[in-house]
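Visitor: The structure that follows is given in the form of structure tokens.
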Amino acid sequence: MRGRVQLQQRGWHDIKAPAPAGAWVANPPYGERLGDLLTLTTAFQAMGEQLRGPFRDYYVAMVLGHQAHADALGL
């Protein structure tokens with residue numbers, strides 16, 4: 001099977017699924033410089049909602065700073 005790799009740097013709310021299925025790998029922002037845990041948890045909840053839509057048939061891998069962020073994704 002042949003595929004194509006597409007690399008982009010953009011805000012998570014601007015991403016679009018380029019194909020019906022694939023892999024989505026991200027190192028989203030996290031950490032003390034970006035806000036408190038509750039604020040970031042809310043952002044990760046919104047990200048999870050988006051990933052459950054057009055990316056529902058994708059393999060998703062992310063680098064996360066806290067277990068709470070992984071839980072908030074709801075994937």
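We label chains A, B, ... in the order they appear in the structure tokens, count residues from 1 in each chain, and number ligands from 1 in the order shown.
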Would you give me, as a compact mmCIF listing (two decimals) with C-alpha atoms, in the first residue's frame, the residues in chain A that DSSP reads as strand (DSSP E)?

Guide:
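Writing the result to selection_24.txt gives the following:
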# COMPACT_ATOMS: atom_id res chain seq x y z
CA GLY A 22 -5.15 7.73 7.90
CA ALA A 23 -2.94 8.71 10.81
CA TRP A 24 -2.91 12.00 12.69
CA VAL A 25 0.15 12.68 14.86
CA ALA A 26 0.43 15.81 16.96
CA TYR A 58 -7.88 7.85 11.81
CA TYR A 59 -5.20 6.46 14.08
CA VAL A 60 -4.42 9.31 16.48
CA ALA A 61 -1.12 9.71 18.35
CA MET A 62 -0.27 12.69 20.55

Visitor: What's around A:Gly53 at 12 Å? Count only C-alpha atoms, leave out sequence neighbours fewer than 5 positions away in its own chain, and write the answer as a short mmCIF file (atom, residue, chain, number, x, y, z; two decimals) with N, CA and C atoms, in the first residue's frame.

Guide:
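File produced: part_28.cif:
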data_model
loop_
_atom_site.label_atom_id
_atom_site.label_comp_id
_atom_site.auth_asym_id
_atom_site.auth_seq_id
_atom_site.Cartn_x
_atom_site.Cartn_y
_atom_site.Cartn_z
N ILE A 15 -7.56 22.30 11.42
CA ILE A 15 -7.21 21.09 10.67
C ILE A 15 -8.43 20.49 9.98
N LYS A 16 -8.18 19.92 8.84
CA LYS A 16 -9.20 19.24 8.06
C LYS A 16 -8.66 17.85 7.71
N ALA A 17 -9.52 16.86 7.68
CA ALA A 17 -9.11 15.51 7.31
C ALA A 17 -8.84 15.48 5.80
N PRO A 20 -10.33 10.01 3.87
CA PRO A 20 -11.32 9.36 4.73
C PRO A 20 -10.71 8.63 5.93
N ALA A 21 -9.46 8.17 5.81
CA ALA A 21 -8.79 7.48 6.90
C ALA A 21 -7.29 7.72 6.80
N ALA A 46 -12.46 20.08 23.50
CA ALA A 46 -12.87 20.57 22.18
C ALA A 46 -12.09 19.86 21.07
N MET A 47 -10.80 19.62 21.29
CA MET A 47 -10.00 18.92 20.30
C MET A 47 -10.53 17.50 20.11
N GLY A 48 -10.88 16.84 21.19
CA GLY A 48 -11.43 15.49 21.12
C GLY A 48 -12.72 15.44 20.33
N TYR A 58 -9.33 7.63 11.77
CA TYR A 58 -7.88 7.85 11.81
C TYR A 58 -7.27 7.22 13.05
N LEU A 75 -11.06 9.93 23.64
CA LEU A 75 -10.88 9.04 22.49
C LEU A 75 -10.72 7.61 22.94
#

Visitor: Nearest to A:Leu73 among A:Asn27, A:Asp14, A:Gln50, A:Leu7, with distances taken over only C-alpha atoms: which residue is it?

Guide: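 Of the candidates, the smallest distance to A:Leu73 is held by A:Gln50.
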
Visitor: Step one, run DSSP on the backbone; step two, keep only residues of chain A assigned to alpha helix (DSSP H); then write them as a PyMOL selection string.

Guide: chain A and resi 37-51+67-73

Visitor: Between A:Ala68, A:Val5, A:Val63, A:Asp57, which has the minimum distance to A:Leu38 (counting only C-alpha atoms)?

Guide: A:Ala68

Visitor: Choose the residue, out of A:Ala19, A:Ala70, A:Leu37, A:Ala43, that has the smallest atom-to-atom separation from A:Arg4; count only C-alpha atoms.

Guide: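 Of A:Ala19, A:Ala70, A:Leu37, A:Ala43, the one nearest A:Arg4 is A:Ala19, counting only C-alpha atoms.
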
Visitor: Grab the atom CA of A:Gly74 to atom CA of A:Gln8 distance for me, in Å with one decimal place.

Guide: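 Spanning atom CA of A:Gly74 to atom CA of A:Gln8 is a straight-line distance of 23.8 Å.
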
Visitor: Between atom CA of A:Leu40 and atom CA of A:Ala72, what distance in Å does the model show, to one decimal?

Guide: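 About the pair atom CA of A:Leu40 and atom CA of A:Ala72: they are 9.3 Å apart.
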